[in-house]
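So this block is input-v7.txt, compact mmCIF, C-alpha atoms:
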# COMPACT_ATOMS: atom_id res chain seq x y z
CA MET A 1 -12.08 -68.74 -0.67
CA SER A 2 -8.88 -67.14 -1.95
CA ARG A 3 -5.60 -69.01 -1.84
CA SER A 4 -4.05 -66.24 0.28
CA ARG A 5 -6.45 -67.01 3.13
CA CYS A 6 -5.65 -70.73 3.19
CA ILE A 7 -2.52 -71.09 5.31
CA PRO A 8 -1.90 -74.49 6.98
CA VAL A 9 -1.06 -73.29 10.47
CA SER A 10 -1.30 -76.79 11.94
CA VAL A 11 -0.99 -80.26 10.45
CA ALA A 12 -1.67 -83.71 11.90
CA TRP A 13 0.52 -86.55 10.61
CA GLU A 14 -0.39 -90.17 11.20
CA LEU A 15 3.12 -91.63 11.39
CA THR A 16 1.77 -95.19 11.46
CA LEU A 17 -1.54 -96.97 11.87
CA GLU A 18 0.16 -99.62 14.01
CA CYS A 19 -0.94 -99.59 17.65
CA ASN A 20 -0.20 -101.63 20.77
CA LEU A 21 -3.62 -101.02 22.38
CA HIS A 22 -7.16 -101.62 21.11
CA CYS A 23 -9.35 -98.70 22.19
CA ILE A 24 -13.07 -99.15 21.73
CA HIS A 25 -13.53 -95.58 20.48
CA CYS A 26 -10.64 -95.52 17.99
CA GLY A 27 -11.77 -93.57 14.95
CA SER A 28 -8.91 -94.98 12.86
CA SER A 29 -9.51 -98.64 13.73
CA ALA A 30 -5.79 -98.72 14.49
CA GLY A 31 -3.90 -101.93 15.15
CA SER A 32 -1.99 -103.33 12.20
CA ILE A 33 0.44 -101.25 10.17
CA ARG A 34 -1.14 -99.58 7.15
CA PRO A 35 -0.03 -101.16 3.83
CA ASN A 36 2.74 -99.25 2.07
CA GLU A 37 3.43 -96.59 4.72
CA LEU A 38 5.80 -93.74 3.85
CA THR A 39 9.50 -94.57 3.95
CA THR A 40 11.99 -92.60 6.04
CA GLU A 41 13.26 -90.85 2.91
CA GLU A 42 9.74 -89.88 1.86
CA SER A 43 8.98 -88.68 5.37
CA LEU A 44 12.08 -86.48 5.58
CA ASP A 45 11.27 -85.00 2.18
CA LEU A 46 7.75 -84.29 3.42
CA CYS A 47 9.21 -82.38 6.38
CA GLU A 48 10.89 -79.99 3.96
CA LYS A 49 7.62 -79.46 2.05
CA LEU A 50 5.75 -78.73 5.28
CA ASN A 51 8.34 -76.10 6.08
CA ASP A 52 7.86 -74.58 2.62
CA LEU A 53 4.13 -74.35 3.40
CA ASP A 54 4.93 -72.36 6.56
CA VAL A 55 3.34 -74.92 8.87
CA GLN A 56 3.67 -73.70 12.46
CA LEU A 57 2.61 -76.77 14.45
CA LEU A 58 2.88 -80.43 13.49
CA THR A 59 1.26 -83.19 15.53
CA PHE A 60 2.40 -86.81 15.32
CA THR A 61 -0.57 -89.16 15.65
CA GLY A 62 -1.27 -92.83 15.04
CA GLY A 63 -1.91 -95.56 15.73
CA GLU A 64 0.83 -95.17 18.26
CA PRO A 65 3.45 -92.91 16.64
CA LEU A 66 6.25 -94.10 18.95
CA LEU A 67 6.00 -97.57 17.38
CA ARG A 68 7.52 -96.20 14.20
CA LYS A 69 11.26 -96.79 14.47
CA ASP A 70 12.26 -93.49 12.81
CA TRP A 71 9.84 -91.22 14.69
CA PHE A 72 12.69 -89.43 16.46
CA GLU A 73 14.64 -88.84 13.24
CA ILE A 74 11.52 -87.36 11.62
CA GLY A 75 10.85 -85.30 14.73
CA GLN A 76 14.40 -83.94 14.71
CA ARG A 77 14.03 -82.84 11.08
CA ILE A 78 10.77 -81.07 11.88
CA ARG A 79 12.37 -79.22 14.78
CA GLU A 80 15.40 -78.27 12.65
CA TYR A 81 12.97 -76.34 10.48
CA GLY A 82 11.67 -74.51 13.53
CA ILE A 83 8.24 -76.13 13.40
CA ASP A 84 6.63 -76.79 16.78
CA LEU A 85 5.97 -80.47 17.46
CA SER A 86 3.29 -82.23 19.48
CA ILE A 87 3.00 -85.98 19.92
CA ILE A 88 -0.20 -87.84 20.80
CA SER A 89 0.56 -91.14 22.54
CA ASN A 90 -1.15 -93.74 24.67
CA GLY A 91 1.97 -93.55 26.83
CA TYR A 92 2.66 -97.26 27.06
CA LEU A 93 6.09 -97.14 25.39
CA ILE A 94 7.35 -94.07 27.21
CA ASP A 95 10.36 -94.74 29.43
CA GLU A 96 13.52 -92.87 30.43
CA LYS A 97 15.03 -93.33 26.96
CA ILE A 98 11.95 -91.87 25.26
CA ILE A 99 11.86 -89.04 27.82
CA SER A 100 15.46 -88.20 26.91
CA ARG A 101 14.45 -87.96 23.25
CA PHE A 102 11.45 -85.78 24.13
CA ARG A 103 13.76 -83.39 25.94
CA LYS A 104 16.03 -83.14 22.89
CA LEU A 105 13.01 -82.34 20.71
CA ASP A 106 11.72 -79.68 23.12
CA PRO A 107 8.08 -80.45 22.15
CA TYR A 108 5.18 -78.04 22.23
CA ALA A 109 3.29 -80.76 24.12
CA ILE A 110 3.09 -84.49 24.71
CA ALA A 111 -0.55 -85.56 24.78
CA ILE A 112 -1.38 -88.68 26.79
CA SER A 113 -4.74 -90.43 26.64
CA LEU A 114 -6.56 -90.91 29.95
CA ASP A 115 -10.11 -92.22 29.62
CA GLY A 116 -10.97 -93.20 33.16
CA ALA A 117 -10.30 -92.32 36.78
CA CYS A 118 -9.51 -95.91 37.69
CA ALA A 119 -7.87 -98.97 36.17
CA LYS A 120 -11.15 -100.80 35.65
CA THR A 121 -12.59 -98.09 33.42
CA HIS A 122 -9.45 -96.98 31.60
CA ASP A 123 -8.14 -100.50 30.92
CA SER A 124 -11.51 -101.72 29.63
CA ILE A 125 -11.71 -98.79 27.21
CA ARG A 126 -8.09 -99.11 26.12
CA GLY A 127 -8.29 -102.86 25.70
CA PHE A 128 -5.17 -103.60 27.69
CA LYS A 129 -4.76 -104.51 31.36
CA GLY A 130 -2.18 -102.38 33.09
CA SER A 131 -2.52 -99.40 30.73
CA PHE A 132 -3.94 -97.17 33.50
CA LYS A 133 -1.06 -97.91 35.87
CA LYS A 134 1.43 -97.20 33.10
CA CYS A 135 -0.37 -93.99 32.14
CA ILE A 136 -0.19 -92.62 35.69
CA LYS A 137 3.51 -93.51 35.90
CA VAL A 138 4.22 -91.78 32.58
CA LEU A 139 2.39 -88.61 33.59
CA LYS A 140 4.64 -88.35 36.65
CA LEU A 141 7.71 -89.02 34.51
CA LEU A 142 6.75 -86.22 32.12
CA LYS A 143 6.10 -83.80 34.97
CA ASP A 144 9.38 -84.65 36.72
CA ASN A 145 11.20 -83.82 33.50
CA ASN A 146 9.30 -80.56 32.91
CA ILE A 147 7.87 -81.71 29.60
CA PRO A 148 4.66 -79.85 28.62
CA THR A 149 1.84 -82.35 28.97
CA THR A 150 -1.80 -82.54 27.92
CA ILE A 151 -4.24 -85.22 28.97
CA VAL A 152 -6.78 -86.15 26.31
CA SER A 153 -10.03 -87.79 27.47
CA THR A 154 -12.52 -89.17 24.95
CA ILE A 155 -15.96 -89.28 26.51
CA HIS A 156 -18.82 -91.72 25.93
CA LYS A 157 -21.36 -93.58 28.04
CA ASN A 158 -18.75 -95.82 29.67
CA ASN A 159 -16.76 -93.01 31.28
CA LEU A 160 -19.03 -89.94 31.42
CA ALA A 161 -19.63 -90.34 35.16
CA GLU A 162 -15.87 -90.25 35.88
CA LEU A 163 -15.25 -86.73 34.58
CA PRO A 164 -15.22 -85.15 38.09
CA LYS A 165 -12.73 -87.74 39.38
CA ILE A 166 -10.44 -87.26 36.38
CA ARG A 167 -10.60 -83.52 37.02
CA ASP A 168 -9.67 -84.00 40.67
CA PHE A 169 -6.68 -86.08 39.63
CA ILE A 170 -5.39 -83.45 37.15
CA LEU A 171 -6.03 -80.39 39.32
CA ASP A 172 -2.91 -78.41 40.31
CA LYS A 173 -0.57 -80.78 38.43
CA ASP A 174 0.38 -78.24 35.73
CA ILE A 175 -1.23 -80.46 33.08
CA ALA A 176 -3.64 -79.27 30.40
CA TRP A 177 -6.82 -81.28 29.80
CA GLN A 178 -8.59 -81.72 26.48
CA ILE A 179 -12.04 -83.25 26.54
CA GLN A 180 -13.49 -84.62 23.33
CA ILE A 181 -16.63 -86.55 22.47
CA ALA A 182 -16.44 -90.02 20.92
CA THR A 183 -18.18 -90.13 17.56
CA PRO A 184 -19.35 -93.22 15.65
CA ILE A 185 -16.37 -93.58 13.33
CA GLY A 186 -13.82 -96.37 13.12
CA ARG A 187 -14.69 -99.13 15.58
CA PHE A 188 -16.65 -97.06 18.09
CA PRO A 189 -20.02 -98.77 18.76
CA LYS A 190 -23.10 -96.59 18.29
CA ASN A 191 -24.70 -97.79 21.52
CA LEU A 192 -22.06 -95.87 23.50
CA ILE A 193 -22.74 -92.50 21.85
CA LEU A 194 -23.78 -89.79 24.29
CA SER A 195 -27.34 -88.58 24.06
CA LYS A 196 -27.91 -84.87 23.42
CA GLU A 197 -28.66 -84.42 27.11
CA GLU A 198 -25.44 -86.20 28.10
CA TYR A 199 -23.49 -84.18 25.57
CA TYR A 200 -24.91 -80.99 27.02
CA SER A 201 -23.92 -82.14 30.50
CA VAL A 202 -20.30 -82.42 29.32
CA SER A 203 -20.48 -78.82 28.11
CA ILE A 204 -21.89 -77.74 31.47
CA PHE A 205 -19.07 -79.61 33.20
CA ILE A 206 -16.41 -77.81 31.14
CA ALA A 207 -18.03 -74.41 31.69
CA SER A 208 -18.46 -74.95 35.43
CA THR A 209 -14.88 -76.21 35.79
CA ARG A 210 -13.63 -73.03 34.14
CA ASN A 211 -15.70 -71.02 36.58
CA LEU A 212 -14.39 -72.95 39.57
CA TYR A 213 -10.69 -73.06 38.74
CA SER A 214 -8.28 -70.59 37.17
CA HIS A 215 -6.52 -71.46 33.93
CA LYS A 216 -3.30 -71.81 35.91
CA ARG A 217 -4.79 -74.46 38.20
CA LEU A 218 -6.44 -76.41 35.38
CA PRO A 219 -6.16 -75.45 31.70
CA ILE A 220 -9.23 -77.25 30.32
CA ILE A 221 -10.00 -77.36 26.61
CA GLY A 222 -13.20 -78.39 24.88
CA ALA A 223 -12.32 -79.96 21.53
CA HIS A 224 -13.79 -78.44 18.37
CA SER A 225 -16.79 -80.72 18.50
CA ILE A 226 -17.89 -79.16 21.81
CA GLY A 227 -19.38 -75.91 22.84
CA TYR A 228 -20.20 -73.40 20.14
CA ASN A 229 -22.97 -70.81 19.91
CA SER A 230 -24.50 -71.62 23.27
CA LYS A 231 -26.63 -68.86 24.75
CA LEU A 232 -25.95 -70.09 28.28
CA LEU A 233 -22.45 -71.57 28.25
CA ARG A 234 -20.01 -68.97 27.03
CA ASN A 235 -16.78 -70.53 28.19
CA THR A 236 -16.64 -74.13 26.97
CA MET A 237 -14.00 -73.32 24.33
CA LEU A 238 -10.84 -71.23 24.25
CA MET A 239 -12.45 -69.20 21.46
CA PRO A 240 -16.13 -68.55 22.30
CA LEU A 241 -17.03 -67.71 18.69
CA TRP A 242 -16.95 -70.83 16.54
CA LYS A 243 -15.98 -69.93 12.98
CA GLY A 244 -16.60 -73.32 11.49
CA CYS A 245 -14.59 -76.39 10.57
CA GLN A 246 -11.04 -75.44 9.57
CA ALA A 247 -10.29 -78.58 7.52
CA GLY A 248 -8.59 -77.43 4.34
CA ILE A 249 -8.61 -73.82 5.56
CA SER A 250 -5.95 -73.66 8.26
CA THR A 251 -5.23 -77.35 8.83
CA PHE A 252 -4.99 -80.72 7.12
CA GLY A 253 -4.03 -84.30 7.89
CA ILE A 254 -1.58 -86.75 6.33
CA LEU A 255 -2.16 -90.50 6.50
CA SER A 256 0.79 -92.84 6.98
CA ASP A 257 0.55 -93.96 3.34
CA GLY A 258 0.62 -90.36 2.06
CA GLY A 259 -3.11 -89.74 1.71
CA VAL A 260 -4.17 -86.15 2.40
CA LYS A 261 -7.47 -84.97 3.88
CA GLY A 262 -8.65 -81.85 5.62
CA CYS A 263 -8.95 -83.43 9.05
CA MET A 264 -7.67 -86.76 10.36
CA SER A 265 -11.08 -87.55 11.87
CA LEU A 266 -12.92 -87.33 8.54
CA PRO A 267 -13.68 -90.62 6.74
CA ASP A 268 -11.48 -91.76 3.87
CA SER A 269 -14.08 -90.53 1.36
CA PHE A 270 -12.64 -87.08 2.14
CA ILE A 271 -9.12 -87.98 0.91
CA GLU A 272 -8.12 -85.35 -1.66
CA ASP A 273 -4.98 -86.94 -3.13
CA ASN A 274 -1.73 -88.65 -2.15
CA ILE A 275 1.70 -87.05 -1.81
CA ARG A 276 3.13 -89.94 -3.81
CA ASN A 277 0.99 -88.85 -6.75
CA ARG A 278 1.28 -85.12 -6.31
CA ASP A 279 3.40 -82.66 -4.36
CA ILE A 280 1.77 -81.66 -1.06
CA ILE A 281 2.32 -77.98 -1.93
CA ASP A 282 0.37 -78.43 -5.16
CA ILE A 283 -2.39 -80.30 -3.35
CA TRP A 284 -2.77 -77.55 -0.75
CA ASN A 285 -2.61 -74.68 -3.25
CA ASP A 286 -5.10 -76.25 -5.66
CA PRO A 287 -8.30 -74.17 -5.29
CA GLU A 288 -10.41 -77.22 -6.16
CA MET A 289 -9.19 -79.16 -3.12
CA PHE A 290 -11.16 -79.21 0.16
CA SER A 291 -14.13 -77.73 -1.69
CA TYR A 292 -16.59 -78.64 1.10
CA ASN A 293 -15.06 -75.81 3.15
CA ARG A 294 -13.20 -73.58 0.70
CA LYS A 295 -16.27 -73.19 -1.51
CA PHE A 296 -18.82 -73.28 1.28
CA THR A 297 -21.97 -71.20 0.97
CA THR A 298 -25.11 -71.18 3.10
CA ASN A 299 -26.74 -73.27 0.36
CA ASP A 300 -24.61 -76.18 1.60
CA LEU A 301 -26.23 -76.15 5.05
CA ASN A 302 -28.54 -79.06 5.87
CA GLY A 303 -31.21 -79.88 8.45
CA ASP A 304 -31.76 -77.38 11.24
CA CYS A 305 -28.57 -75.56 10.27
CA LYS A 306 -30.18 -74.42 7.03
CA SER A 307 -32.45 -71.91 8.78
CA CYS A 308 -30.08 -71.05 11.66
CA LYS A 309 -28.86 -67.48 12.09
CA TYR A 310 -25.39 -68.79 12.94
CA GLY A 311 -25.13 -71.03 9.87
CA LYS A 312 -23.05 -68.62 7.81
CA ILE A 313 -20.49 -68.32 10.62
CA CYS A 314 -20.23 -71.86 11.97
CA LYS A 315 -20.87 -73.67 8.65
CA GLY A 316 -22.97 -76.33 10.36
CA GLY A 317 -20.47 -77.26 13.08
CA CYS A 318 -17.90 -80.03 13.25
CA LEU A 319 -17.83 -81.80 9.89
CA THR A 320 -16.82 -85.15 11.40
CA VAL A 321 -19.67 -85.12 13.93
CA SER A 322 -22.10 -83.94 11.26
CA SER A 323 -21.24 -86.64 8.72
CA ALA A 324 -21.04 -89.39 11.36
CA LEU A 325 -24.29 -88.59 13.18
CA SER A 326 -26.54 -87.12 10.49
CA GLY A 327 -25.06 -88.61 7.34
CA MET A 328 -24.80 -85.09 5.89
CA ASN A 329 -22.19 -82.34 5.80
CA HIS A 330 -22.80 -79.03 7.57
CA ASN A 331 -25.52 -80.32 9.87
CA ASP A 332 -24.18 -81.02 13.38
CA PRO A 333 -27.11 -82.32 15.47
CA TYR A 334 -25.12 -81.81 18.69
CA CYS A 335 -24.90 -78.03 18.37
CA LEU A 336 -25.43 -76.42 21.79
CA TYR A 337 -27.54 -73.65 20.32
CA LEU A 338 -29.86 -76.24 18.76
CA ILE A 339 -30.05 -78.33 21.95
CA GLU A 340 -30.95 -75.25 24.01
CA LYS A 341 -33.55 -74.24 21.44
CA GLU A 342 -35.11 -77.71 21.55
CA GLN A 343 -35.25 -77.60 25.35
CA ILE A 344 -37.07 -74.26 25.28
CA LEU A 345 -39.62 -75.56 22.81
CA LYS A 346 -40.39 -78.66 24.92
The structure in this file should be written as structure tokens.
Amino acid sequence: MSRSRCIPVSVAWELTLECNLHCIHCGSSAGSIRPNELTTEESLDLCEKLNDLDVQLLTFTGGEPLLRKDWFEIGQRIREYGIDLSIISNGYLIDEKIISRFRKLDPYAIAISLDGACAKTHDSIRGFKGSFKKCIKVLKLLKDNNIPTTIVSTIHKNNLAELPKIRDFILDKDIAWQIQIATPIGRFPKNLILSKEEYYSVSIFIASTRNLYSHKRLPIIGAHSIGYNSKLLRNTMLMPLWKGCQAGISTFGILSDGGVKGCMSLPDSFIEDNIRNRDIIDIWNDPEMFSYNRKFTTNDLNGDCKSCKYGKICKGGCLTVSSALSGMNHNDPYCLYLIEKEQILK
């Protein structure tokens, strides 16, 4: 793939690995601060380099990014460059002071995690009693201050049944909703992984919700691990045609110690380099980086994807799901097209 086609439109930046909750599905195994995290000076310098790369949207992730004492200073620098900013938070630290800072940053969105329709479910998943009550309070606070808000729900066996109730709570509140599937990375236990049938039911839920409610009443988004190439469900994603994993093509992630990989969800074996060793611009523009996507050919497809007519387009689906569930790249066993094909053959 030519350098001219590789433009990092969006970047995820793990400000810190430190976290005040202990979610069972956390793919980063967040909790304690990562050794040797970037300093404020290094972070501000990185902001300038991201601007030089023409990044359009930067997302602060963690851990819990608001635990980092200089998050606002870094956010201000990003906004000074005209880069849109999103922040993914568990919401627990958000109060009037934080809201005031959000308003100064004029964020693209504040994403709050909501993994259950009641305290019992949400708190058990988040590992902290009272987190549901706080989450609901924060959502109201964000709405009252007209701050663009997205709810992110990570689905597994412990909360699958609560999807309709979560939907009913969000409906008509001018809040977007992103649904994503928990994958066996980090500390997520394999016994809670959705079966293919359960996974398909989530896709049906998203498609049916879109049919029932207008985008204005409930903007619902299926994450990139959900909903491509289905013959029956054409509206599970914002873009119905899945063009493959974009890690290293139009996006990349930065770890809090400066490590760089194509997607924050990919395991550390996918780290390309570190900004302390090499300039981020050089890393991105090096044609040998992110070779699993930039140099992809249909010969890289594995399993059922190898003989699939969509393989050249979708590149075997979500790389994180593929590597986590099948142990191989470019072989997503939870592809909707494959699941539907298997059902027909039964």
Enumerate, as a compact mmCIF listing (two decimals) with C-alpha atoms, in the coordinates of the input, the protein, DNA and RNA residues whose atoms approach (-1.6, -80.0, 6.8) to within 6 Å, taking into account only C-alpha atoms and the coordinate frame of the file.
# COMPACT_ATOMS: atom_id res chain seq x y z
CA PRO A 8 -1.90 -74.49 6.98
CA VAL A 11 -0.99 -80.26 10.45
CA THR A 251 -5.23 -77.35 8.83
CA PHE A 252 -4.99 -80.72 7.12
CA GLY A 253 -4.03 -84.30 7.89
Restricting the calculation to all atoms listed in the file, which member of A:Gly62, A:Gly27, A:Gly91, A:Gly311 is positioned closest to Ala12 (chain A)?
-> A:Gly62
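Each of A:Pro184, A:Pro65, A:Pro164, A:Pro287 was checked against Ser29 (chain A) using only C-alpha atoms; the smallest atom-to-atom distance is that of A:Pro184.
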Please provide the set of residues having any atom within 8 Å of region 319-327 of chain A, restricted to only C-alpha atoms, with same-chain residues fewer than 5 positions apart removed, written as a list in words.
-> Thr183, Pro184, Ile185, Ser225, Cys245, Ser265, Leu266, Pro267, Asp332, Pro333 and Tyr334 of chain A
Using all atoms listed in the file, find all polymer residues with an atom at most 7 Å away from the point (-26.6, -79.9, 7.5); report them as an mmCIF file with C-alpha atoms, keeping the file's coordinate frame.
data_model
loop_
_atom_site.group_PDB
_atom_site.id
_atom_site.type_symbol
_atom_site.label_atom_id
_atom_site.label_comp_id
_atom_site.auth_asym_id
_atom_site.auth_seq_id
_atom_site.Cartn_x
_atom_site.Cartn_y
_atom_site.Cartn_z
ATOM 1 C CA LEU A 301 -26.230 -76.150 5.050
ATOM 2 C CA ASN A 302 -28.540 -79.060 5.870
ATOM 3 C CA GLY A 303 -31.210 -79.880 8.450
ATOM 4 C CA ASP A 304 -31.760 -77.380 11.240
ATOM 5 C CA CYS A 305 -28.570 -75.560 10.270
ATOM 6 C CA LYS A 306 -30.180 -74.420 7.030
ATOM 7 C CA GLY A 316 -22.970 -76.330 10.360
ATOM 8 C CA MET A 328 -24.800 -85.090 5.890
ATOM 9 C CA ASN A 329 -22.190 -82.340 5.800
ATOM 10 C CA HIS A 330 -22.800 -79.030 7.570
ATOM 11 C CA ASN A 331 -25.520 -80.320 9.870
ATOM 12 C CA ASP A 332 -24.180 -81.020 13.380
#
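Restricting the calculation to only C-alpha atoms, the smallest distance between Thr61 (chain A) and any of A:Glu288, A:Thr40, A:Lys216, A:Ile88 is found for A:Ile88.
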Non-local contacts of Phe270 (chain A) (9 Å; all atoms listed in the file; under 4 positions in same chain excluded) as a count of residues only = 6
Find, counting all atoms listed in the file, the residue in A:Cys6, A:Leu67, A:Cys26, A:Ile94 that gets nearest to Met264 (chain A).
->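 Going through A:Cys6, A:Leu67, A:Cys26, A:Ile94 one by one, the smallest distance to Met264 (chain A) is for A:Cys26.
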